[in-house]
$ cat input04.pdb   # PDB, C-alpha atoms, pLDDT in the B column
ATOM      1  CA  MET A1255      99.123 106.885  69.448  1.00 49.00           C
ATOM      2  CA  ARG A1256     100.987 109.361  67.300  1.00 48.00           C
ATOM      3  CA  LYS A1257     104.683 108.755  66.879  1.00 51.00           C
ATOM      4  CA  LYS A1258     105.558 112.415  66.409  1.00 54.00           C
ATOM      5  CA  ASN A1259     107.106 114.241  69.348  1.00 53.00           C
ATOM      6  CA  LEU A1260     108.311 111.053  71.024  1.00 50.00           C
ATOM      7  CA  SER A1261     110.068 112.966  73.780  1.00 57.00           C
ATOM      8  CA  LYS A1262     106.836 113.205  75.739  1.00 78.00           C
ATOM      9  CA  TYR A1263     106.842 109.421  76.240  1.00 89.00           C
ATOM     10  CA  PHE A1264     109.183 108.140  78.940  1.00 93.00           C
ATOM     11  CA  TYR A1265     109.710 105.018  76.822  1.00 94.00           C
ATOM     12  CA  SER A1266     110.469 106.918  73.599  1.00 92.00           C
ATOM     13  CA  GLU A1267     114.031 105.516  73.567  1.00 93.00           C
ATOM     14  CA  GLY A1268     112.749 102.037  74.411  1.00 95.00           C
ATOM     15  CA  ILE A1269     112.998  99.920  77.551  1.00 96.00           C
ATOM     16  CA  ARG A1270     115.163  96.892  78.151  1.00 96.00           C
ATOM     17  CA  PHE A1271     113.133  93.853  79.115  1.00 96.00           C
ATOM     18  CA  LYS A1272     113.767  90.125  79.303  1.00 93.00           C
ATOM     19  CA  CYS A1273     111.596  87.736  81.248  1.00 88.00           C
ATOM     20  CA  GLN A1274     113.637  86.244  84.080  1.00 87.00           C
ATOM     21  CA  GLU A1275     111.197  83.347  84.529  1.00 79.00           C
ATOM     22  CA  CYS A1276     111.093  84.125  88.236  1.00 82.00           C
ATOM     23  CA  GLY A1277     107.330  83.996  88.748  1.00 80.00           C
ATOM     24  CA  CYS A1278     107.097  87.483  90.242  1.00 82.00           C
ATOM     25  CA  CYS A1279     104.339  88.410  87.804  1.00 82.00           C
ATOM     26  CA  CYS A1280     102.402  85.332  88.921  1.00 82.00           C
ATOM     27  CA  ASP A1281     102.293  86.738  92.456  1.00 78.00           C
ATOM     28  CA  ILE A1282      99.093  88.684  92.036  1.00 68.00           C
ATOM     29  CA  GLU A1283      98.190  89.730  95.544  1.00 62.00           C
ATOM     30  CA  ASP A1284      94.791  91.399  95.391  1.00 65.00           C
ATOM     31  CA  GLY A1285      94.912  90.936  91.618  1.00 74.00           C
ATOM     32  CA  VAL A1286      93.208  88.702  89.116  1.00 86.00           C
ATOM     33  CA  VAL A1287      93.973  87.256  85.701  1.00 91.00           C
ATOM     34  CA  TYR A1288      91.197  88.202  83.296  1.00 92.00           C
ATOM     35  CA  LEU A1289      90.465  85.897  80.379  1.00 95.00           C
ATOM     36  CA  THR A1290      89.233  86.461  76.841  1.00 96.00           C
ATOM     37  CA  SER A1291      87.271  83.897  74.840  1.00 95.00           C
ATOM     38  CA  LYS A1292      90.483  83.071  72.977  1.00 96.00           C
ATOM     39  CA  ASP A1293      92.365  82.590  76.274  1.00 97.00           C
ATOM     40  CA  LEU A1294      89.661  80.195  77.452  1.00 97.00           C
ATOM     41  CA  ARG A1295      89.832  78.154  74.230  1.00 97.00           C
ATOM     42  CA  ASN A1296      93.640  78.027  74.291  1.00 98.00           C
ATOM     43  CA  LEU A1297      93.788  76.950  77.938  1.00 98.00           C
ATOM     44  CA  SER A1298      91.064  74.315  77.607  1.00 98.00           C
ATOM     45  CA  GLU A1299      92.830  72.858  74.553  1.00 98.00           C
ATOM     46  CA  PHE A1300      96.174  72.940  76.391  1.00 98.00           C
ATOM     47  CA  PHE A1301      94.652  70.791  79.148  1.00 97.00           C
ATOM     48  CA  ASN A1302      92.713  68.743  76.589  1.00 98.00           C
ATOM     49  CA  LEU A1303      89.470  69.587  78.377  1.00 98.00           C
ATOM     50  CA  ASP A1304      86.017  70.488  77.162  1.00 97.00           C
ATOM     51  CA  LEU A1305      85.644  74.280  77.270  1.00 97.00           C
ATOM     52  CA  GLU A1306      82.683  74.264  79.664  1.00 97.00           C
ATOM     53  CA  TYR A1307      84.417  71.807  81.988  1.00 98.00           C
ATOM     54  CA  PHE A1308      87.587  73.925  81.964  1.00 97.00           C
ATOM     55  CA  LYS A1309      85.563  77.022  82.806  1.00 96.00           C
ATOM     56  CA  SER A1310      83.767  75.306  85.689  1.00 95.00           C
ATOM     57  CA  LYS A1311      86.995  73.884  87.144  1.00 95.00           C
ATOM     58  CA  TYR A1312      89.461  76.742  86.622  1.00 95.00           C
ATOM     59  CA  THR A1313      87.528  79.999  86.318  1.00 94.00           C
ATOM     60  CA  THR A1314      85.054  82.115  88.187  1.00 92.00           C
ATOM     61  CA  ILE A1315      82.957  85.162  87.391  1.00 92.00           C
ATOM     62  CA  THR A1316      83.565  88.505  89.099  1.00 90.00           C
ATOM     63  CA  GLU A1317      80.766  90.695  90.439  1.00 90.00           C
ATOM     64  CA  GLU A1318      81.129  92.684  87.211  1.00 89.00           C
ATOM     65  CA  GLY A1319      80.495  89.535  85.156  1.00 91.00           C
ATOM     66  CA  LEU A1320      84.085  89.101  83.966  1.00 91.00           C
ATOM     67  CA  THR A1321      85.776  85.709  83.637  1.00 94.00           C
ATOM     68  CA  VAL A1322      88.928  85.261  85.717  1.00 92.00           C
ATOM     69  CA  ILE A1323      91.194  82.419  86.804  1.00 92.00           C
ATOM     70  CA  LYS A1324      89.806  80.929  89.998  1.00 88.00           C
ATOM     71  CA  ASP A1325      91.893  81.587  93.102  1.00 79.00           C
ATOM     72  CA  THR A1326      93.398  78.657  94.955  1.00 73.00           C
ATOM     73  CA  HIS A1327      95.980  80.658  96.862  1.00 72.00           C
ATOM     74  CA  PRO A1328      95.560  84.174  98.252  1.00 68.00           C
ATOM     75  CA  SER A1329      98.427  85.699  96.296  1.00 73.00           C
ATOM     76  CA  LYS A1330      99.547  83.397  93.474  1.00 80.00           C
ATOM     77  CA  CYS A1331      98.106  82.419  90.135  1.00 87.00           C
ATOM     78  CA  ARG A1332      96.846  78.850  90.289  1.00 88.00           C
ATOM     79  CA  PHE A1333      98.973  77.986  87.255  1.00 91.00           C
ATOM     80  CA  GLN A1334     102.240  79.016  88.914  1.00 87.00           C
ATOM     81  CA  GLN A1335     104.344  75.981  89.784  1.00 86.00           C
ATOM     82  CA  ASN A1336     107.878  76.177  91.172  1.00 85.00           C
ATOM     83  CA  ASN A1337     107.942  79.928  90.448  1.00 81.00           C
ATOM     84  CA  ARG A1338     107.138  79.320  86.788  1.00 85.00           C
ATOM     85  CA  CYS A1339     104.077  79.547  84.606  1.00 88.00           C
ATOM     86  CA  SER A1340     102.875  76.015  83.920  1.00 90.00           C
ATOM     87  CA  VAL A1341     100.782  77.244  80.960  1.00 93.00           C
ATOM     88  CA  TYR A1342     103.458  79.527  79.470  1.00 90.00           C
ATOM     89  CA  PRO A1343     102.951  78.458  75.812  1.00 93.00           C
ATOM     90  CA  VAL A1344      99.270  79.492  76.066  1.00 96.00           C
ATOM     91  CA  ARG A1345      99.475  82.022  78.890  1.00 93.00           C
ATOM     92  CA  PRO A1346      96.581  84.451  78.939  1.00 94.00           C
ATOM     93  CA  THR A1347      96.710  87.694  76.973  1.00 95.00           C
ATOM     94  CA  GLN A1348      97.022  89.719  80.159  1.00 93.00           C
ATOM     95  CA  CYS A1349     100.186  87.803  81.026  1.00 92.00           C
ATOM     96  CA  ARG A1350     101.688  87.937  77.518  1.00 93.00           C
ATOM     97  CA  LEU A1351     101.420  91.721  77.371  1.00 95.00           C
ATOM     98  CA  TYR A1352     103.043  92.311  80.763  1.00 94.00           C
ATOM     99  CA  PRO A1353     104.831  94.606  81.659  1.00 94.00           C
ATOM    100  CA  PHE A1354     103.760  96.884  78.794  1.00 96.00           C
ATOM    101  CA  TRP A1355     100.135  97.305  79.876  1.00 94.00           C
ATOM    102  CA  SER A1356      98.385 100.548  79.006  1.00 94.00           C
ATOM    103  CA  THR A1357      97.650 101.019  82.716  1.00 92.00           C
ATOM    104  CA  LEU A1358     101.339 100.724  83.662  1.00 93.00           C
ATOM    105  CA  MET A1359     102.696 102.788  80.786  1.00 95.00           C
ATOM    106  CA  LYS A1360     100.731 105.929  81.657  1.00 91.00           C
ATOM    107  CA  ASN A1361     103.797 107.458  83.241  1.00 91.00           C
ATOM    108  CA  GLU A1362     107.252 106.599  84.477  1.00 91.00           C
ATOM    109  CA  ILE A1363     106.299 106.773  88.155  1.00 91.00           C
ATOM    110  CA  ILE A1364     103.630 104.073  87.772  1.00 91.00           C
ATOM    111  CA  PHE A1365     105.909 101.898  85.634  1.00 93.00           C
ATOM    112  CA  SER A1366     108.873 102.279  87.998  1.00 91.00           C
ATOM    113  CA  LYS A1367     106.835 100.778  90.851  1.00 90.00           C
ATOM    114  CA  GLU A1368     106.676  97.413  89.075  1.00 88.00           C
ATOM    115  CA  LYS A1369     108.760  94.814  90.894  1.00 85.00           C
ATOM    116  CA  CYS A1370     109.637  92.804  87.799  1.00 90.00           C
ATOM    117  CA  PRO A1371     113.358  91.917  87.754  1.00 92.00           C
ATOM    118  CA  GLY A1372     113.231  91.592  83.947  1.00 93.00           C
ATOM    119  CA  ILE A1373     112.723  95.321  83.502  1.00 95.00           C
ATOM    120  CA  GLY A1374     116.056  96.888  82.600  1.00 94.00           C
ATOM    121  CA  LYS A1375     117.561  93.620  81.372  1.00 95.00           C
ATOM    122  CA  GLY A1376     117.953  92.001  77.986  1.00 94.00           C
ATOM    123  CA  GLU A1377     117.249  93.420  74.555  1.00 94.00           C
ATOM    124  CA  LEU A1378     115.859  96.887  74.040  1.00 96.00           C
ATOM    125  CA  VAL A1379     112.136  96.846  73.329  1.00 96.00           C
ATOM    126  CA  ASP A1380     111.662  99.796  71.015  1.00 95.00           C
ATOM    127  CA  PHE A1381     108.988 102.472  71.075  1.00 95.00           C
ATOM    128  CA  ASN A1382     106.960 100.851  68.283  1.00 95.00           C
ATOM    129  CA  ASN A1383     106.800  97.464  70.013  1.00 96.00           C
ATOM    130  CA  ILE A1384     105.891  99.058  73.332  1.00 96.00           C
ATOM    131  CA  THR A1385     103.204 101.108  71.604  1.00 95.00           C
ATOM    132  CA  ASP A1386     101.857  97.962  69.911  1.00 96.00           C
ATOM    133  CA  SER A1387     101.632  96.275  73.342  1.00 96.00           C
ATOM    134  CA  ILE A1388      99.829  99.260  74.840  1.00 96.00           C
ATOM    135  CA  ILE A1389      97.308  99.230  72.002  1.00 95.00           C
ATOM    136  CA  ALA A1390      96.891  95.440  72.326  1.00 96.00           C
ATOM    137  CA  HIS A1391      96.306  95.839  76.072  1.00 95.00           C
ATOM    138  CA  ARG A1392      93.601  98.442  75.468  1.00 94.00           C
ATOM    139  CA  LYS A1393      91.952  96.047  73.013  1.00 94.00           C
ATOM    140  CA  PHE A1394      92.294  93.200  75.500  1.00 94.00           C
ATOM    141  CA  LEU A1395      90.421  95.247  78.107  1.00 91.00           C
ATOM    142  CA  THR A1396      87.427  95.332  75.759  1.00 91.00           C
ATOM    143  CA  GLU A1397      87.631  91.600  74.977  1.00 90.00           C
ATOM    144  CA  ILE A1398      87.585  90.152  78.495  1.00 90.00           C
ATOM    145  CA  GLU A1399      85.013  87.379  78.540  1.00 80.00           C
ATOM    146  CA  ARG A1400      81.693  88.446  80.043  1.00 78.00           C
ATOM    147  CA  ILE A1401      78.896  86.105  81.023  1.00 61.00           C
TER     148      ILE A1401
END
$ encode --input "input04.pdb" --output "structure tokens"
Amino acid sequence: MRKKNLSKYFYSEGIRFKCQECGCCCDIEDGVVYLTSKDLRNLSEFFNLDLEYFKSKYTTITEEGLTVIKDTHPSKCRFQQNNRCSVYPVRPTQCRLYPFWSTLMKNEIIFSKEKCPGIGKGELVDFNNITDSIIAHRKFLTEIERI
């Protein structure tokens, strides 16, 4: 992403964001949390479980062959407890990069539809950091664990 002519990016002046620890992003109705190999290792170590056992207990494979967190509730991540992420220190890449996903940052209309109360609050996340997150999200999309 070129940093010349920043005015064409709605986030060129940055966006205020501070996680409110409300659990809204864990409410993933019709959504899934995709996992990379690194996410799987981090989570299995966090629970002090063998990797294969962790995968069999907590993950499933989509029709496309992608590894995701196994649903236990129709609209909440299984690791959400009391409106908080119970695996926050090792939360999956997808979660760490939110809300600055490449898919959400395409334009202001898409981004403005996000119901995250942390958007618009806290410190200003500058253009460079947002751009780094967008690039990391694109990379993440290529690293999702496939069977």
$ atom_distance --input "input04.pdb" --atom1 "atom CA of A:Cys1370" --atom2 "atom CA of A:Lys1324"
23.2 Å
$ resolve_selection --input "input04.pdb" --expression "the PyMOL selection byres ((chain A and resi 1351-1368) around 6)" --output "ChimeraX atom specification"
/A:1348-1350,1369-1370,1387-1388,1391
$ closest_residue --input "input04.pdb" --among "A:Leu1395, A:Ile1384, A:Leu1294, A:Cys1280" --to "A:Glu1306" --atoms "only C-alpha atoms"
A:Leu1294
$ closest_residue --input "input04.pdb" --among "A:Leu1320, A:Gly1285, A:Lys1330, A:Thr1290" --to "A:Lys1393" --atoms "only C-alpha atoms"
A:Thr1290
$ closest_residue --input "input04.pdb" --among "A:Cys1279, A:Arg1295, A:Glu1267, A:Gly1319" --to "A:Ile1398" --atoms "all atoms listed in the file"
A:Gly1319
$ residues_around --input "input04.pdb" --residues "A:Thr1321" --least-positions-apart "6" --cutoff "7 Å" --atoms "all atoms listed in the file" --output "MDAnalysis selection string"
chainID A and resid 1288:1289 1313:1315 1399:1400
$ resolve_selection --input "input04.pdb" --expression "the PyMOL selection byres ((chain A and resi 1374) around 8)" --output "short mmCIF file (atom, residue, chain, number, x, y, z; two decimals) with C-alpha atoms, in the coordinates of the input"
data_model
loop_
_atom_site.label_atom_id
_atom_site.label_comp_id
_atom_site.auth_asym_id
_atom_site.auth_seq_id
_atom_site.Cartn_x
_atom_site.Cartn_y
_atom_site.Cartn_z
CA ILE A 1269 113.00 99.92 77.55
CA ARG A 1270 115.16 96.89 78.15
CA PHE A 1271 113.13 93.85 79.11
CA LYS A 1272 113.77 90.12 79.30
CA PRO A 1371 113.36 91.92 87.75
CA GLY A 1372 113.23 91.59 83.95
CA ILE A 1373 112.72 95.32 83.50
CA LYS A 1375 117.56 93.62 81.37
CA GLY A 1376 117.95 92.00 77.99
#
$ residues_around --input "input04.pdb" --residues "stretch 1331-1345 of chain A" --least-positions-apart "2" --cutoff "9 Å" --atoms "all atoms listed in the file" --output "JSON list (two decimals) with C-alpha atoms, keeping the file's coordinate frame"
[["chain", "number", "residue", "atom", "x", "y", "z"],
["A", 1275, "GLU", "CA", 111.20, 83.35, 84.53],
["A", 1276, "CYS", "CA", 111.09, 84.12, 88.24],
["A", 1277, "GLY", "CA", 107.33, 84.00, 88.75],
["A", 1278, "CYS", "CA", 107.10, 87.48, 90.24],
["A", 1279, "CYS", "CA", 104.34, 88.41, 87.80],
["A", 1280, "CYS", "CA", 102.40, 85.33, 88.92],
["A", 1281, "ASP", "CA", 102.29, 86.74, 92.46],
["A", 1282, "ILE", "CA", 99.09, 88.68, 92.04],
["A", 1286, "VAL", "CA", 93.21, 88.70, 89.12],
["A", 1287, "VAL", "CA", 93.97, 87.26, 85.70],
["A", 1293, "ASP", "CA", 92.36, 82.59, 76.27],
["A", 1296, "ASN", "CA", 93.64, 78.03, 74.29],
["A", 1297, "LEU", "CA", 93.79, 76.95, 77.94],
["A", 1300, "PHE", "CA", 96.17, 72.94, 76.39],
["A", 1312, "TYR", "CA", 89.46, 76.74, 86.62],
["A", 1323, "ILE", "CA", 91.19, 82.42, 86.80],
["A", 1324, "LYS", "CA", 89.81, 80.93, 90.00],
["A", 1325, "ASP", "CA", 91.89, 81.59, 93.10],
["A", 1326, "THR", "CA", 93.40, 78.66, 94.96],
["A", 1327, "HIS", "CA", 95.98, 80.66, 96.86],
["A", 1328, "PRO", "CA", 95.56, 84.17, 98.25],
["A", 1329, "SER", "CA", 98.43, 85.70, 96.30],
["A", 1347, "THR", "CA", 96.71, 87.69, 76.97],
["A", 1348, "GLN", "CA", 97.02, 89.72, 80.16],
["A", 1349, "CYS", "CA", 100.19, 87.80, 81.03],
["A", 1350, "ARG", "CA", 101.69, 87.94, 77.52]]
$ closest_residue --input "input04.pdb" --among "A:Ser1298, A:Ser1266, A:Ser1291, A:Thr1396" --to "A:Lys1311" --atoms "all atoms listed in the file"
A:Ser1298
$ atom_distance --input "input04.pdb" --atom1 "atom CA of A:Glu1299" --atom2 "atom CA of A:Arg1392"
25.6 Å
$ decode --input "input04.pdb" --residues "stretch 1281-1314 of chain A" --atoms "N, CA, C and O atoms" --output "short mmCIF file (atom, residue, chain, number, x, y, z; two decimals), in the first residue's frame"
data_model
loop_
_atom_site.label_atom_id
_atom_site.label_comp_id
_atom_site.auth_asym_id
_atom_site.auth_seq_id
_atom_site.Cartn_x
_atom_site.Cartn_y
_atom_site.Cartn_z
N ASP A 1281 -19.29 -12.05 19.63
CA ASP A 1281 -20.62 -12.42 19.13
C ASP A 1281 -20.50 -12.52 17.62
O ASP A 1281 -20.52 -11.50 16.93
N ILE A 1282 -20.35 -13.72 17.12
CA ILE A 1282 -20.01 -13.92 15.72
C ILE A 1282 -21.12 -14.64 14.97
O ILE A 1282 -20.89 -15.61 14.28
N GLU A 1283 -22.33 -14.13 15.11
CA GLU A 1283 -23.46 -14.73 14.45
C GLU A 1283 -23.16 -14.95 12.97
O GLU A 1283 -22.74 -14.05 12.26
N ASP A 1284 -23.35 -16.18 12.55
CA ASP A 1284 -23.06 -16.59 11.17
C ASP A 1284 -21.59 -16.42 10.81
O ASP A 1284 -21.23 -16.45 9.64
N GLY A 1285 -20.73 -16.23 11.79
CA GLY A 1285 -19.31 -16.06 11.52
C GLY A 1285 -18.51 -17.18 12.15
O GLY A 1285 -19.03 -18.00 12.90
N VAL A 1286 -17.25 -17.22 11.82
CA VAL A 1286 -16.35 -18.23 12.37
C VAL A 1286 -15.03 -17.56 12.72
O VAL A 1286 -14.70 -16.49 12.20
N VAL A 1287 -14.27 -18.22 13.58
CA VAL A 1287 -12.92 -17.77 13.90
C VAL A 1287 -11.96 -18.76 13.26
O VAL A 1287 -11.90 -19.93 13.65
N TYR A 1288 -11.27 -18.29 12.23
CA TYR A 1288 -10.29 -19.11 11.51
C TYR A 1288 -8.99 -19.14 12.29
O TYR A 1288 -8.63 -18.18 12.96
N LEU A 1289 -8.27 -20.26 12.19
CA LEU A 1289 -7.05 -20.44 12.95
C LEU A 1289 -5.87 -20.76 12.04
O LEU A 1289 -6.00 -21.54 11.09
N THR A 1290 -4.73 -20.17 12.38
CA THR A 1290 -3.47 -20.51 11.70
C THR A 1290 -2.78 -21.60 12.51
O THR A 1290 -3.17 -21.89 13.65
N SER A 1291 -1.72 -22.15 11.96
CA SER A 1291 -0.93 -23.15 12.69
C SER A 1291 -0.39 -22.56 13.99
O SER A 1291 -0.39 -23.21 15.04
N LYS A 1292 0.05 -21.30 13.92
CA LYS A 1292 0.57 -20.63 15.11
C LYS A 1292 -0.53 -20.45 16.15
O LYS A 1292 -0.30 -20.66 17.35
N ASP A 1293 -1.74 -20.06 15.72
CA ASP A 1293 -2.86 -19.93 16.64
C ASP A 1293 -3.13 -21.26 17.35
O ASP A 1293 -3.33 -21.29 18.57
N LEU A 1294 -3.12 -22.34 16.60
CA LEU A 1294 -3.37 -23.66 17.17
C LEU A 1294 -2.32 -24.02 18.22
O LEU A 1294 -2.65 -24.49 19.30
N ARG A 1295 -1.05 -23.77 17.91
CA ARG A 1295 0.02 -24.05 18.87
C ARG A 1295 -0.15 -23.20 20.13
O ARG A 1295 -0.05 -23.70 21.25
N ASN A 1296 -0.39 -21.89 19.94
CA ASN A 1296 -0.53 -21.00 21.09
C ASN A 1296 -1.70 -21.41 21.99
O ASN A 1296 -1.58 -21.42 23.22
N LEU A 1297 -2.83 -21.72 21.38
CA LEU A 1297 -4.01 -22.12 22.17
C LEU A 1297 -3.80 -23.45 22.87
O LEU A 1297 -4.16 -23.60 24.04
N SER A 1298 -3.21 -24.42 22.19
CA SER A 1298 -3.00 -25.72 22.84
C SER A 1298 -2.02 -25.58 24.01
O SER A 1298 -2.22 -26.19 25.06
N GLU A 1299 -1.00 -24.76 23.85
CA GLU A 1299 -0.06 -24.51 24.95
C GLU A 1299 -0.73 -23.77 26.10
O GLU A 1299 -0.48 -24.06 27.27
N PHE A 1300 -1.59 -22.81 25.77
CA PHE A 1300 -2.32 -22.05 26.79
C PHE A 1300 -3.14 -22.99 27.68
O PHE A 1300 -3.19 -22.82 28.89
N PHE A 1301 -3.76 -23.98 27.05
CA PHE A 1301 -4.57 -24.96 27.80
C PHE A 1301 -3.74 -26.14 28.30
O PHE A 1301 -4.27 -27.04 28.94
N ASN A 1302 -2.45 -26.12 27.99
CA ASN A 1302 -1.55 -27.20 28.36
C ASN A 1302 -2.06 -28.55 27.84
O ASN A 1302 -2.11 -29.54 28.56
N LEU A 1303 -2.44 -28.54 26.56
CA LEU A 1303 -2.97 -29.73 25.91
C LEU A 1303 -2.11 -30.10 24.71
O LEU A 1303 -1.55 -29.23 24.05
N ASP A 1304 -2.06 -31.37 24.43
CA ASP A 1304 -1.42 -31.86 23.21
C ASP A 1304 -2.14 -31.22 22.02
O ASP A 1304 -3.37 -31.09 22.03
N LEU A 1305 -1.37 -30.82 21.01
CA LEU A 1305 -1.94 -30.13 19.86
C LEU A 1305 -3.06 -30.92 19.20
O LEU A 1305 -4.13 -30.37 18.91
N GLU A 1306 -2.85 -32.20 18.96
CA GLU A 1306 -3.89 -33.00 18.29
C GLU A 1306 -5.14 -33.13 19.16
O GLU A 1306 -6.26 -33.11 18.65
N TYR A 1307 -4.95 -33.26 20.47
CA TYR A 1307 -6.11 -33.32 21.36
C TYR A 1307 -6.87 -32.00 21.34
O TYR A 1307 -8.10 -31.97 21.27
N PHE A 1308 -6.13 -30.88 21.41
CA PHE A 1308 -6.77 -29.57 21.35
C PHE A 1308 -7.59 -29.44 20.08
O PHE A 1308 -8.74 -29.01 20.11
N LYS A 1309 -7.00 -29.81 18.95
CA LYS A 1309 -7.70 -29.70 17.68
C LYS A 1309 -8.97 -30.55 17.67
O LYS A 1309 -10.02 -30.09 17.21
N SER A 1310 -8.90 -31.75 18.20
CA SER A 1310 -10.09 -32.62 18.19
C SER A 1310 -11.18 -32.11 19.12
O SER A 1310 -12.37 -32.26 18.84
N LYS A 1311 -10.80 -31.48 20.22
CA LYS A 1311 -11.78 -31.00 21.20
C LYS A 1311 -12.36 -29.63 20.84
O LYS A 1311 -13.55 -29.39 21.06
N TYR A 1312 -11.53 -28.72 20.31
CA TYR A 1312 -11.94 -27.34 20.17
C TYR A 1312 -12.08 -26.81 18.74
O TYR A 1312 -12.48 -25.67 18.55
N THR A 1313 -11.71 -27.61 17.76
CA THR A 1313 -11.78 -27.10 16.38
C THR A 1313 -12.56 -28.05 15.49
O THR A 1313 -12.83 -29.19 15.84
N THR A 1314 -12.90 -27.52 14.34
CA THR A 1314 -13.54 -28.32 13.30
C THR A 1314 -13.01 -27.84 11.96
O THR A 1314 -12.35 -26.80 11.88
#
